[in-house]
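S.K.: Handing over final-v8.txt, compact mmCIF, C-alpha atoms.
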# COMPACT_ATOMS: atom_id res chain seq x y z
CA MET H 2 0.00 0.00 0.00
CA ASP H 3 1.25 3.45 -0.77
CA GLY H 4 1.47 6.41 1.55
CA HIS H 5 -2.08 7.53 0.96
CA ASP H 6 -3.39 4.10 1.78
CA GLN H 7 -1.41 4.10 4.98
CA GLU H 8 -2.93 7.46 5.81
CA ILE H 9 -6.37 5.98 5.28
CA ILE H 10 -5.56 3.09 7.56
CA ARG H 11 -4.21 5.45 10.19
CA LEU H 12 -7.38 7.48 10.08
CA LEU H 13 -9.44 4.34 10.36
CA ALA H 14 -7.56 3.42 13.51
CA GLN H 15 -8.37 6.84 14.90
CA VAL H 16 -12.04 6.33 14.10
CA LYS H 17 -11.89 3.07 15.99
CA GLY H 18 -10.52 4.74 19.07
CA ALA H 19 -13.07 7.55 18.98
CA GLU H 20 -16.12 5.38 18.96
CA PRO H 21 -18.36 5.36 22.03
CA ASP H 22 -18.13 2.54 24.52
CA TYR H 23 -20.96 0.29 25.53
CA PRO H 24 -23.20 2.42 27.80
CA LYS H 25 -22.73 1.16 31.33
CA HIS H 26 -26.39 0.85 32.22
CA LEU H 27 -27.10 -1.10 29.02
CA LEU H 28 -24.10 -3.34 29.55
CA ALA H 29 -25.08 -4.07 33.16
CA ALA H 30 -28.65 -4.94 32.22
CA ARG H 31 -27.50 -7.13 29.36
CA ARG H 32 -25.03 -8.90 31.62
CA GLU H 33 -27.70 -9.67 34.19
CA GLN H 34 -29.94 -11.08 31.52
CA TYR H 35 -27.10 -13.21 30.21
CA LEU H 36 -26.36 -14.60 33.68
CA ARG H 37 -30.02 -15.61 34.08
CA GLN H 38 -30.00 -17.29 30.70
CA MET H 39 -26.80 -19.05 31.66
CA VAL H 40 -28.37 -20.49 34.81
CA ARG H 41 -31.41 -21.66 32.86
CA ALA H 42 -29.20 -23.26 30.23
CA SER H 43 -27.19 -25.08 32.89
CA LEU H 44 -30.34 -26.27 34.64
CA GLY H 45 -31.87 -27.41 31.39
CA VAL H 46 -28.83 -29.44 30.51
CA ALA H 47 -28.67 -30.91 34.03
CA VAL H 48 -32.32 -31.93 33.93
CA GLY H 49 -31.89 -33.45 30.51
CA MET H 50 -28.89 -35.42 31.64
CA ALA H 51 -30.71 -36.63 34.75
CA ALA H 52 -33.66 -37.75 32.69
CA GLU H 53 -31.36 -39.55 30.32
CA GLU H 54 -29.65 -41.30 33.21
CA ALA H 55 -32.99 -42.32 34.68
CA LEU H 56 -34.10 -43.81 31.38
CA LYS H 57 -30.90 -45.73 31.03
CA SER H 58 -31.02 -47.11 34.57
CA ALA H 59 -34.69 -48.08 34.46
CA LYS H 60 -35.79 -51.44 33.07
CA PRO H 61 -38.71 -50.70 30.86
CA PRO H 62 -40.42 -53.68 29.21
CA LEU H 63 -40.26 -51.80 25.95
CA ALA H 64 -36.92 -50.48 24.93
CA SER H 65 -37.82 -48.72 21.74
CA THR H 66 -40.05 -45.77 21.11
CA ILE H 67 -41.75 -47.57 18.23
CA THR H 68 -42.80 -50.46 20.42
CA SER H 69 -44.21 -48.13 23.04
CA LYS H 70 -46.18 -46.29 20.40
CA LEU H 71 -47.52 -49.56 19.05
CA ILE H 72 -48.72 -50.57 22.48
CA GLU H 73 -50.25 -47.15 22.96
CA ALA H 74 -52.14 -47.53 19.70
CA ALA H 75 -53.25 -51.01 20.69
CA LEU H 76 -54.58 -49.67 23.98
CA VAL H 77 -56.56 -47.02 22.19
CA VAL H 78 -58.05 -49.61 19.85
CA ALA H 79 -58.93 -51.82 22.79
CA ILE H 80 -60.71 -48.96 24.52
CA VAL H 81 -62.68 -48.19 21.40
CA VAL H 82 -63.68 -51.81 20.91
CA GLU H 83 -64.71 -52.13 24.53
CA ALA H 84 -66.80 -48.99 24.32
CA GLY H 85 -68.48 -50.34 21.22
CA ALA H 86 -69.17 -53.67 22.88
CA VAL H 87 -70.73 -51.93 25.87
CA ALA H 88 -72.88 -49.87 23.55
CA TYR H 89 -73.99 -52.98 21.70
CA LEU H 90 -74.89 -54.84 24.83
CA SER H 91 -76.89 -51.92 26.17
CA ARG H 92 -78.55 -51.01 22.91
CA ASP H 93 -82.04 -51.57 24.29
CA LYS H 94 -81.47 -49.15 27.08
CA LEU H 95 -79.97 -46.69 24.68
CA ALA H 96 -82.96 -47.02 22.39
CA ASN H 97 -85.27 -46.31 25.28
CA PHE H 98 -83.20 -43.33 26.19
CA LEU H 99 -83.38 -42.13 22.63
CA GLN H 100 -87.12 -42.45 22.64
CA SER H 101 -87.38 -40.43 25.79
CA VAL H 102 -85.28 -37.70 24.32
CA ALA H 103 -87.29 -37.74 21.12
CA THR H 104 -90.59 -37.52 22.93
CA SER H 105 -89.36 -34.67 25.06
CA GLU H 106 -89.27 -32.39 21.98
CA ASN H 107 -92.37 -30.57 20.77
CA GLY H 108 -93.40 -32.61 17.84
CA PRO H 109 -95.46 -35.57 16.87
CA GLU H 110 -94.73 -38.95 18.20
CA THR H 111 -92.02 -40.65 16.42
CA ILE H 112 -93.79 -43.90 16.18
CA ALA H 113 -92.76 -46.09 13.39
CA SER H 114 -95.69 -47.36 11.42
CA PRO H 115 -96.23 -51.02 11.03
CA GLY H 116 -94.44 -52.07 8.00
CA VAL H 117 -92.43 -48.90 7.92
CA THR H 118 -89.07 -49.73 9.18
CA THR H 119 -86.52 -47.62 10.84
CA LEU H 120 -83.38 -46.66 9.07
CA GLN H 121 -84.47 -47.96 5.78
CA SER H 122 -81.56 -46.35 4.13
CA GLN H 123 -79.20 -47.87 6.68
CA PRO H 124 -79.56 -51.57 7.07
CA THR H 125 -77.17 -51.62 9.98
CA ALA H 126 -75.67 -48.99 12.15
CA THR H 127 -72.51 -50.01 13.83
CA PRO H 128 -71.91 -48.73 17.30
CA SER H 129 -69.49 -45.93 17.70
CA PRO H 130 -68.16 -44.29 20.76
CA GLY H 131 -68.91 -40.90 19.39
CA MET H 132 -70.54 -38.27 21.41
CA SER H 133 -73.51 -37.74 19.14
CA ALA H 134 -75.54 -39.65 16.62
CA THR H 135 -78.33 -38.72 14.34
CA VAL H 136 -81.12 -41.19 13.83
CA ALA H 137 -83.65 -40.61 11.12
CA PHE H 138 -86.95 -42.41 11.50
CA SER H 139 -89.14 -42.81 8.56
CA PRO H 140 -92.67 -42.74 9.80
CA THR H 141 -95.34 -41.29 7.69
CA SER H 142 -94.87 -37.96 9.34
CA GLY H 143 -91.28 -37.91 8.34
CA ILE H 144 -90.09 -36.43 11.58
CA ALA H 145 -86.49 -37.01 12.50
CA ALA H 146 -85.20 -37.19 16.02
CA THR H 147 -81.78 -35.96 16.89
CA PRO H 148 -80.53 -37.33 20.15
CA THR H 149 -77.35 -36.23 21.70
CA PHE H 150 -74.88 -37.97 23.97
CA VAL H 151 -75.88 -41.40 22.93
CA THR H 152 -74.71 -44.23 20.77
CA ILE H 153 -77.25 -46.29 19.05
CA LEU H 154 -77.30 -49.64 17.48
CA LEU H 155 -80.47 -50.42 15.69
CA ASP H 156 -81.14 -53.52 13.79
CA ALA H 157 -82.79 -52.96 10.51
CA THR H 158 -85.77 -55.08 9.96
CA ASP H 159 -86.23 -56.93 6.79
CA PRO H 160 -88.36 -54.83 4.48
CA ALA H 161 -90.04 -58.00 3.37
CA SER H 162 -91.11 -59.02 6.81
CA THR H 163 -94.50 -58.22 8.16
CA THR H 164 -93.39 -57.67 11.65
CA THR H 165 -93.90 -54.22 12.95
CA VAL H 166 -91.55 -52.09 14.86
CA THR H 167 -92.67 -51.73 18.37
CA GLU H 168 -93.02 -48.37 19.89
CA MET H 169 -90.13 -47.45 22.09
CA ALA H 170 -91.12 -46.65 25.60
CA SER H 171 -89.90 -43.45 27.05
CA THR H 172 -87.49 -43.61 29.89
CA PRO H 173 -88.95 -43.18 33.34
CA ILE H 174 -88.68 -39.82 34.93
CA PRO H 175 -85.55 -39.80 37.02
CA SER H 176 -86.08 -39.49 40.74
CA GLY H 177 -83.03 -37.44 41.31
CA ASP H 178 -82.37 -34.21 39.58
CA ASN H 179 -79.19 -34.65 37.66
CA GLY H 180 -79.83 -31.58 35.66
CA HIS H 181 -80.59 -33.35 32.41
CA HIS H 182 -84.36 -33.55 32.83
CA TYR H 183 -84.73 -36.24 30.27
CA GLY H 184 -88.31 -37.31 29.71
CA GLN H 185 -89.75 -34.41 31.62
CA THR H 186 -90.75 -32.27 28.70
CA PRO H 187 -94.31 -32.83 27.47
CA LYS H 188 -94.92 -34.93 24.44
CA PRO H 189 -95.35 -32.86 21.33
CA GLU H 190 -98.63 -32.79 19.58
CA ARG H 191 -98.67 -34.46 16.29
CA THR H 192 -99.61 -32.05 13.53
CA LYS H 193 -101.83 -33.13 10.76
CA GLU H 194 -100.27 -32.94 7.36
CA ASN H 195 -102.22 -32.65 4.13
CA GLY H 196 -103.40 -35.95 2.85
CA ASN H 197 -102.42 -37.81 5.91
CA ASP H 198 -104.70 -39.21 8.54
CA ASP H 199 -103.86 -39.31 12.16
CA GLN H 200 -103.92 -43.03 12.17
CA PRO H 201 -101.41 -45.03 10.30
CA PRO H 202 -102.66 -47.13 7.42
CA GLN H 203 -104.35 -50.30 8.54
CA ASN H 204 -103.15 -52.48 5.77
CA PRO H 205 -99.65 -53.67 6.11
CA ARG H 206 -97.17 -52.95 3.43
CA PRO H 207 -97.70 -55.40 0.60
CA THR H 208 -95.00 -57.95 0.23
CA ARG H 209 -92.84 -57.95 -2.80
CA LYS H 210 -93.76 -60.31 -5.47
CA PRO H 211 -90.92 -62.45 -6.64
CA LYS H 212 -89.60 -61.58 -10.05
CA PRO H 213 -90.70 -63.93 -12.75
CA THR H 214 -87.90 -66.03 -14.08
CA LYS H 215 -87.21 -65.93 -17.77
CA SER H 216 -87.98 -69.10 -19.58
CA LYS H 217 -85.39 -70.22 -22.03
CA MET V 24 -6.58 -18.05 18.73
CA THR V 25 -4.59 -17.64 21.92
CA GLU V 26 -4.18 -20.50 24.35
CA GLY V 27 -6.14 -18.62 26.98
CA ASN V 28 -9.10 -18.25 24.65
CA THR V 29 -8.85 -21.92 23.68
CA ASN V 30 -9.10 -23.01 27.32
CA LEU V 31 -11.91 -20.53 27.83
CA LEU V 32 -13.81 -21.98 24.88
CA LYS V 33 -13.37 -25.53 26.09
CA ALA V 34 -14.68 -24.64 29.52
CA ALA V 35 -17.58 -22.72 28.01
CA GLN V 36 -18.57 -25.73 25.92
CA LYS V 37 -19.04 -27.57 29.20
CA LEU V 38 -21.25 -24.68 30.37
CA ASP V 39 -18.79 -23.58 32.98
CA GLU V 40 -20.32 -20.43 34.47
CA GLU V 41 -17.05 -18.64 35.06
CA ALA V 42 -15.93 -19.26 31.49
CA LEU V 43 -19.23 -18.12 30.04
CA THR V 44 -19.17 -14.96 32.15
CA ALA V 45 -15.61 -14.23 31.12
CA ILE V 46 -16.56 -14.60 27.46
CA PHE V 47 -19.32 -12.05 27.87
CA ASP V 48 -17.09 -9.58 29.69
CA GLN V 49 -14.39 -9.94 27.07
CA PHE V 50 -16.42 -9.75 23.89
CA ALA V 51 -19.67 -7.93 24.63
CA PRO V 52 -18.21 -4.37 24.36
CA ALA V 53 -16.48 -5.18 21.10
CA ILE V 54 -19.57 -6.81 19.64
CA TYR V 55 -21.56 -3.74 20.64
CA LYS V 56 -19.17 -1.36 18.87
CA TYR V 57 -19.09 -3.53 15.79
CA THR V 58 -22.85 -3.78 15.65
CA LEU V 59 -23.20 -0.07 16.26
CA ARG V 60 -21.03 0.63 13.22
CA LEU V 61 -23.30 -1.50 11.10
CA CYS V 62 -26.73 -0.54 12.36
CA HIS V 63 -26.10 2.97 13.76
CA ASP V 64 -28.55 2.53 16.61
CA GLN V 65 -27.56 2.06 20.26
CA ILE V 66 -30.68 0.18 21.26
CA VAL V 67 -30.55 -2.13 18.27
CA ALA V 68 -26.87 -2.78 18.89
CA ASP V 69 -27.63 -3.61 22.53
CA ASN V 70 -30.42 -5.99 21.52
CA ILE V 71 -28.18 -7.71 19.02
CA VAL V 72 -25.51 -8.21 21.69
CA GLY V 73 -28.15 -9.95 23.79
CA ASP V 74 -29.23 -12.12 20.88
CA VAL V 75 -25.64 -13.05 20.02
CA PHE V 76 -24.88 -14.34 23.50
CA ALA V 77 -28.28 -15.99 23.85
CA GLN V 78 -27.57 -17.93 20.67
CA LEU V 79 -24.15 -18.82 21.99
CA LEU V 80 -25.66 -20.28 25.16
CA GLU V 81 -28.23 -22.17 23.15
CA GLN V 82 -25.59 -23.67 20.92
CA PHE V 83 -23.44 -24.70 23.84
CA GLY V 84 -26.47 -26.19 25.56
CA GLN V 85 -27.10 -28.36 22.50
CA GLY V 86 -23.49 -29.42 22.33
CA LYS V 87 -22.85 -27.29 19.27
CA GLY V 88 -21.26 -23.88 18.89
CA PRO V 89 -17.76 -22.78 17.90
CA ARG V 90 -14.90 -25.21 18.23
CA THR V 91 -11.93 -23.01 17.44
CA ASN V 92 -12.41 -19.34 16.73
CA LEU V 93 -14.88 -17.95 19.21
CA ARG V 94 -14.36 -14.32 18.24
CA SER V 95 -15.08 -14.94 14.55
CA TYR V 96 -18.15 -16.92 15.52
CA LEU V 97 -19.52 -14.08 17.63
CA TYR V 98 -18.91 -11.48 14.93
CA GLN V 99 -20.44 -13.71 12.30
CA THR V 100 -23.54 -14.21 14.44
CA ALA V 101 -23.79 -10.47 15.02
CA TYR V 102 -23.43 -9.76 11.32
CA HIS V 103 -26.21 -12.17 10.42
CA LEU V 104 -28.48 -10.63 13.03
CA VAL V 105 -27.77 -7.15 11.71
CA VAL V 106 -28.55 -8.27 8.17
CA ASP V 107 -31.81 -9.86 9.31
CA ARG V 108 -32.85 -6.71 11.12
CA SER V 109 -31.92 -4.47 8.23
CA ARG V 110 -34.12 -6.55 5.95
CA ASP V 111 -37.02 -5.97 8.30
CA ASN V 112 -36.41 -2.31 9.04
CA GLN V 113 -34.85 -1.02 5.81
CA HIS V 114 -33.03 1.50 7.96
CA ASN V 115 -29.68 2.88 7.00
CA ALA V 116 -28.49 5.96 8.78
CA PRO V 117 -25.11 7.55 8.13
CA LEU V 118 -22.25 6.69 10.41
CA GLU V 119 -22.32 9.74 12.62
CA VAL V 120 -21.78 8.31 16.03
CA ALA V 121 -18.03 8.12 15.90
CA ALA V 122 -17.59 11.66 14.61
CA ASN V 123 -19.81 13.17 17.28
CA SER V 124 -18.24 11.28 20.13
CA TYR V 125 -14.81 12.40 19.09
CA ALA V 126 -15.64 15.93 20.17
CA GLU V 127 -16.62 14.86 23.68
CA GLY V 128 -14.05 15.72 26.29
CA GLN V 129 -12.16 18.03 23.97
CA PHE V 130 -12.09 21.25 25.90
CA ALA V 131 -9.63 23.22 23.87
CA PRO V 132 -8.81 21.34 20.71
CA THR V 133 -5.66 22.34 19.01
CA GLN V 134 -5.34 23.12 15.33
CA SER V 135 -4.06 19.67 14.60
CA GLN V 136 -6.90 18.07 16.53
CA ILE V 137 -9.41 20.10 14.58
CA GLU V 138 -7.80 19.07 11.32
CA GLU V 139 -7.77 15.48 12.46
CA ARG V 140 -11.45 15.66 13.22
CA VAL V 141 -12.20 17.09 9.82
CA MET V 142 -10.29 14.25 8.20
CA MET V 143 -12.11 11.65 10.27
CA GLU V 144 -15.49 13.11 9.41
CA ALA V 145 -14.56 13.12 5.76
CA LEU V 146 -13.45 9.52 6.04
CA ILE V 147 -16.67 8.48 7.73
CA SER V 148 -18.71 10.31 5.14
CA ALA V 149 -16.74 8.62 2.36
CA MET V 150 -17.29 5.23 3.95
CA ASN V 151 -21.03 5.81 3.97
CA THR V 152 -21.41 7.33 0.53
CA GLU V 153 -18.62 5.91 -1.62
CA LEU V 154 -18.33 2.29 -0.53
CA THR V 155 -20.61 -0.65 -1.16
CA GLU V 156 -21.96 -2.71 1.74
CA ASP V 157 -19.34 -5.38 1.29
CA GLN V 158 -16.50 -2.88 0.99
CA ARG V 159 -17.59 -1.04 4.11
CA HIS V 160 -17.95 -4.31 5.99
CA VAL V 161 -14.54 -5.56 4.96
CA ILE V 162 -12.92 -2.24 5.92
CA ILE V 163 -14.61 -2.38 9.32
CA LEU V 164 -13.58 -5.97 10.00
CA ARG V 165 -10.04 -5.59 8.70
CA PHE V 166 -9.03 -2.19 10.04
CA LEU V 167 -11.42 -1.41 12.86
CA GLU V 168 -11.75 -4.91 14.30
CA ASP V 169 -8.30 -6.15 13.28
CA PHE V 170 -9.48 -9.42 11.81
CA SER V 171 -7.25 -11.33 9.45
CA LEU V 172 -8.19 -11.94 5.83
CA LYS V 173 -9.17 -15.52 6.58
CA GLU V 174 -11.32 -14.54 9.56
CA THR V 175 -12.96 -11.77 7.58
CA ALA V 176 -13.73 -14.24 4.81
CA GLU V 177 -15.33 -16.62 7.30
CA ILE V 178 -17.50 -13.93 8.83
CA ILE V 179 -18.75 -12.54 5.54
CA GLY V 180 -18.94 -15.91 3.88
CA LYS V 181 -16.68 -15.23 0.92
CA GLU V 182 -13.32 -16.46 -0.34
CA VAL V 183 -10.08 -14.91 0.89
CA ASN V 184 -9.13 -13.72 -2.60
CA ASN V 185 -12.50 -12.09 -2.93
CA ILE V 186 -11.93 -10.30 0.37
CA LYS V 187 -8.60 -8.98 -0.87
CA VAL V 188 -10.21 -7.57 -3.97
CA ILE V 189 -13.02 -5.98 -1.99
CA GLN V 190 -10.57 -4.48 0.48
CA ASN V 191 -8.31 -3.01 -2.17
CA ARG V 192 -11.21 -1.50 -4.04
CA GLY V 193 -12.62 -0.04 -0.85
CA ILE V 194 -9.29 1.52 0.09
CA ALA V 195 -8.91 2.91 -3.42
CA LYS V 196 -12.32 4.53 -3.24
CA LEU V 197 -11.57 6.04 0.14
CA ARG V 198 -8.23 7.28 -1.11
CA LYS V 199 -9.89 8.88 -4.07
CA ALA V 200 -12.60 10.46 -1.90
CA MET V 201 -10.06 11.59 0.69
CA GLY V 202 -7.57 12.59 -1.95
CA ILE V 203 -8.55 16.22 -1.83
CA HIS V 204 -8.18 16.44 1.95
CA ILE V 205 -4.90 14.61 1.99
CA ASP V 206 -3.55 16.77 -0.80
CA ASP V 207 -4.68 19.84 1.06
CA GLU V 208 -2.85 18.67 4.15
CA ASN V 209 0.27 17.99 2.16
CA ASP V 210 0.01 21.38 0.51
CA ASP V 211 -0.21 23.00 3.92
CA ASP V 212 2.89 21.15 5.00
CA GLU V 213 4.72 22.24 1.90
CA SER V 214 3.66 25.84 2.35
CA ASP V 215 5.37 25.89 5.72
CA TRP V 216 8.64 25.79 3.90
Translate this structure into structure tokens?
M.R.:
Amino acid sequence: MDGHDQEIIRLLAQVKGAEPDYPKHLLAARREQYLRQMVRASLGVAVGMAAEEALKSAKPPLASTITSKLIEAALVVAIVVEAGAVAYLSRDKLANFLQSVATSENGPETIASPGVTTLQSQPTATPSPGMSATVAFSPTSGIAATPTFVTILLDATDPASTTTVTEMASTPIPSGDNGHHYGQTPKPERTKENGNDDQPPQNPRPTRKPKPTKSK
Amino acid sequence: MTEGNTNLLKAAQKLDEEALTAIFDQFAPAIYKYTLRLCHDQIVADNIVGDVFAQLLEQFGQGKGPRTNLRSYLYQTAYHLVVDRSRDNQHNAPLEVAANSYAEGQFAPTQSQIEERVMMEALISAMNTELTEDQRHVIILRFLEDFSLKETAEIIGKEVNNIKVIQNRGIAKLRKAMGIHIDDENDDDESDW
């Protein structure tokens, strides 16, 4: 570098020396913050190391994370299956409960007509541990009931059968007040729709005639 | 890197509190000055110092961090933080801090001190107006922070040869911008004869 460059470098060194120092109050505050962070970092590492040591010294039946997750998934599946089994076994009670909830609304009785089956569009409804279910009856009135907090398993009846669906009895009024008040609301009045009588049709639904076979 | 700093770094990697505190006391003021030159804001520079050392602790806590050159690592971290902030703020004020502080404490400056101050202000102005970002940064790291070419290249993320080129071009621009003032000073000296 020539003389002028050296002069530049000399001036730069002077600039360096003339610059302001770190303000003391800012430096002190920053230092305190750093010391706190340092303590947290040390504690975090110590806790992590202790946890690691504990895991190493323990004798878990499952050594790998994958195995533990598999067992966790299996437990969840088992719980779901058990809940479904309980719902299936208590389906009658659940149906009664559903009826009581349905009758507690202001509307016509949701009585399935003889020959008119429930859940015609759904031959079977598998139990589910969900919190809500929607059941659509298909009486002549076409009123749907929407129960909550219930799982339902209803067997579809054979459309060809002549058996009727019995009316579901409403659940008895609970003696204690649990706040739900199921079955306490008055039964809704059934409105009369155009062209429909109050009474269901007397004649049962005609059976299906078998299809004629083609003769060769 | 000196042996003392090497031992300090090794102890800091093990999260030794005394070593970590010593690192802060040793490098925080320098990091502040360096950041102040780049961002021209005391509060921002202070915040960046905090972020630099917070990142250092985090890296050490994860078993990472610098293995050899701690100083370069800290400057590199500070530089990246300044760049990130400048992208967000789009703020670029002229480098006026150094020139103003020079006058503090000067009760009765002499003629030479006044001339020196004029030269420094001209130099600072030239650095802000004549140089590119890279040239200014290289000049700061090489001549204000006394980093080597290799260390400067590591901090900026360029090759050493590239740093040489940038440095020489920056000096040439400053020489050209300061040429009038230096010639004036030389003329004054000659006139004394």
S.K.: Residues of chain V within 9 Å of chain H, using only C-alpha atoms, as a short mmCIF file (atom, residue, chain, number, x, y, z; two decimals) with C-alpha atoms, in the coordinates of the input?
M.R.:
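Final file, out30.cif:
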data_model
loop_
_atom_site.label_atom_id
_atom_site.label_comp_id
_atom_site.auth_asym_id
_atom_site.auth_seq_id
_atom_site.Cartn_x
_atom_site.Cartn_y
_atom_site.Cartn_z
CA LEU V 38 -21.25 -24.68 30.37
CA ASP V 39 -18.79 -23.58 32.98
CA GLU V 40 -20.32 -20.43 34.47
CA LEU V 43 -19.23 -18.12 30.04
CA THR V 44 -19.17 -14.96 32.15
CA PHE V 47 -19.32 -12.05 27.87
CA ASP V 48 -17.09 -9.58 29.69
CA ALA V 51 -19.67 -7.93 24.63
CA PRO V 52 -18.21 -4.37 24.36
CA ALA V 53 -16.48 -5.18 21.10
CA TYR V 55 -21.56 -3.74 20.64
CA LYS V 56 -19.17 -1.36 18.87
CA ARG V 60 -21.03 0.63 13.22
CA GLN V 65 -27.56 2.06 20.26
CA ILE V 66 -30.68 0.18 21.26
CA ASP V 69 -27.63 -3.61 22.53
CA ASN V 70 -30.42 -5.99 21.52
CA VAL V 72 -25.51 -8.21 21.69
CA GLY V 73 -28.15 -9.95 23.79
CA PHE V 76 -24.88 -14.34 23.50
CA ALA V 77 -28.28 -15.99 23.85
CA LEU V 80 -25.66 -20.28 25.16
CA GLU V 81 -28.23 -22.17 23.15
CA PHE V 83 -23.44 -24.70 23.84
CA GLY V 84 -26.47 -26.19 25.56
CA GLN V 85 -27.10 -28.36 22.50
CA VAL V 120 -21.78 8.31 16.03
CA ALA V 121 -18.03 8.12 15.90
CA ALA V 122 -17.59 11.66 14.61
CA ASN V 123 -19.81 13.17 17.28
CA SER V 124 -18.24 11.28 20.13
CA TYR V 125 -14.81 12.40 19.09
CA ALA V 126 -15.64 15.93 20.17
CA GLU V 139 -7.77 15.48 12.46
CA MET V 142 -10.29 14.25 8.20
CA MET V 143 -12.11 11.65 10.27
CA GLU V 144 -15.49 13.11 9.41
CA LEU V 146 -13.45 9.52 6.04
CA ILE V 147 -16.67 8.48 7.73
CA ILE V 162 -12.92 -2.24 5.92
CA ILE V 163 -14.61 -2.38 9.32
CA PHE V 166 -9.03 -2.19 10.04
CA LEU V 167 -11.42 -1.41 12.86
CA GLU V 168 -11.75 -4.91 14.30
CA ILE V 194 -9.29 1.52 0.09
CA ALA V 195 -8.91 2.91 -3.42
CA LEU V 197 -11.57 6.04 0.14
CA ARG V 198 -8.23 7.28 -1.11
CA MET V 201 -10.06 11.59 0.69
CA GLY V 202 -7.57 12.59 -1.95
CA ILE V 205 -4.90 14.61 1.99
#
S.K.: Record the distance separating atom CA of Ala84 of chain H and atom CA of Ile67 of chain H, expressed in Å with one decimal.
M.R.: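 Computing the Euclidean distance for atom CA of Ala84 of chain H and atom CA of Ile67 of chain H yields 25.8 Å.
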S.K.: In Å, with one decimal, what is the gap from atom CA of Leu99 of chain H to atom CA of Ala79 of chain H?
M.R.: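 Taking atom CA of Leu99 of chain H as the start and atom CA of Ala79 of chain H as the end point, the length is 26.3 Å.
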S.K.: What separation in Å, quoted to one decimal, exists between atom CA of Ser95 of chain V and atom CA of Ala45 of chain V?
M.R.: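 Straight-line distance from atom CA of Ser95 of chain V to atom CA of Ala45 of chain V works out to 16.6 Å.
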S.K.: Write out as JSON, numbers by chain each polymer residue whose atoms come within 10 Å of segment 179-191 of chain V, counting all atoms listed in the file; drop sequence neighbours fewer than 6 positions from it.
M.R.: {"H": [2, 6], "V": [98, 99, 102, 103, 154, 155, 157, 158, 159, 160, 161, 162, 163, 164, 165, 166, 171, 172, 173, 197]}
S.K.: Within 8 Å of Ser105 of chain H, counting all atoms listed in the file, which residues qualify if same-chain residues fewer than 3 places away don't, as a list in words?
M.R.: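 That gives Ser101, Val102, Tyr183, Gly184, Gln185, Thr186, Pro187, Lys188 and Pro189 of chain H.
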S.K.: Once 6 Å is added on each side, what centre and edge lengths in Å to one decimal does the axis-aligned box around all listed atoms of segment 26-37 of chain V have, as AutoDock Vina command-line options?
M.R.:
--center_x -11.6 --center_y -22.9 --center_z 26.6 --size_x 26.9 --size_y 21.3 --size_z 17.8
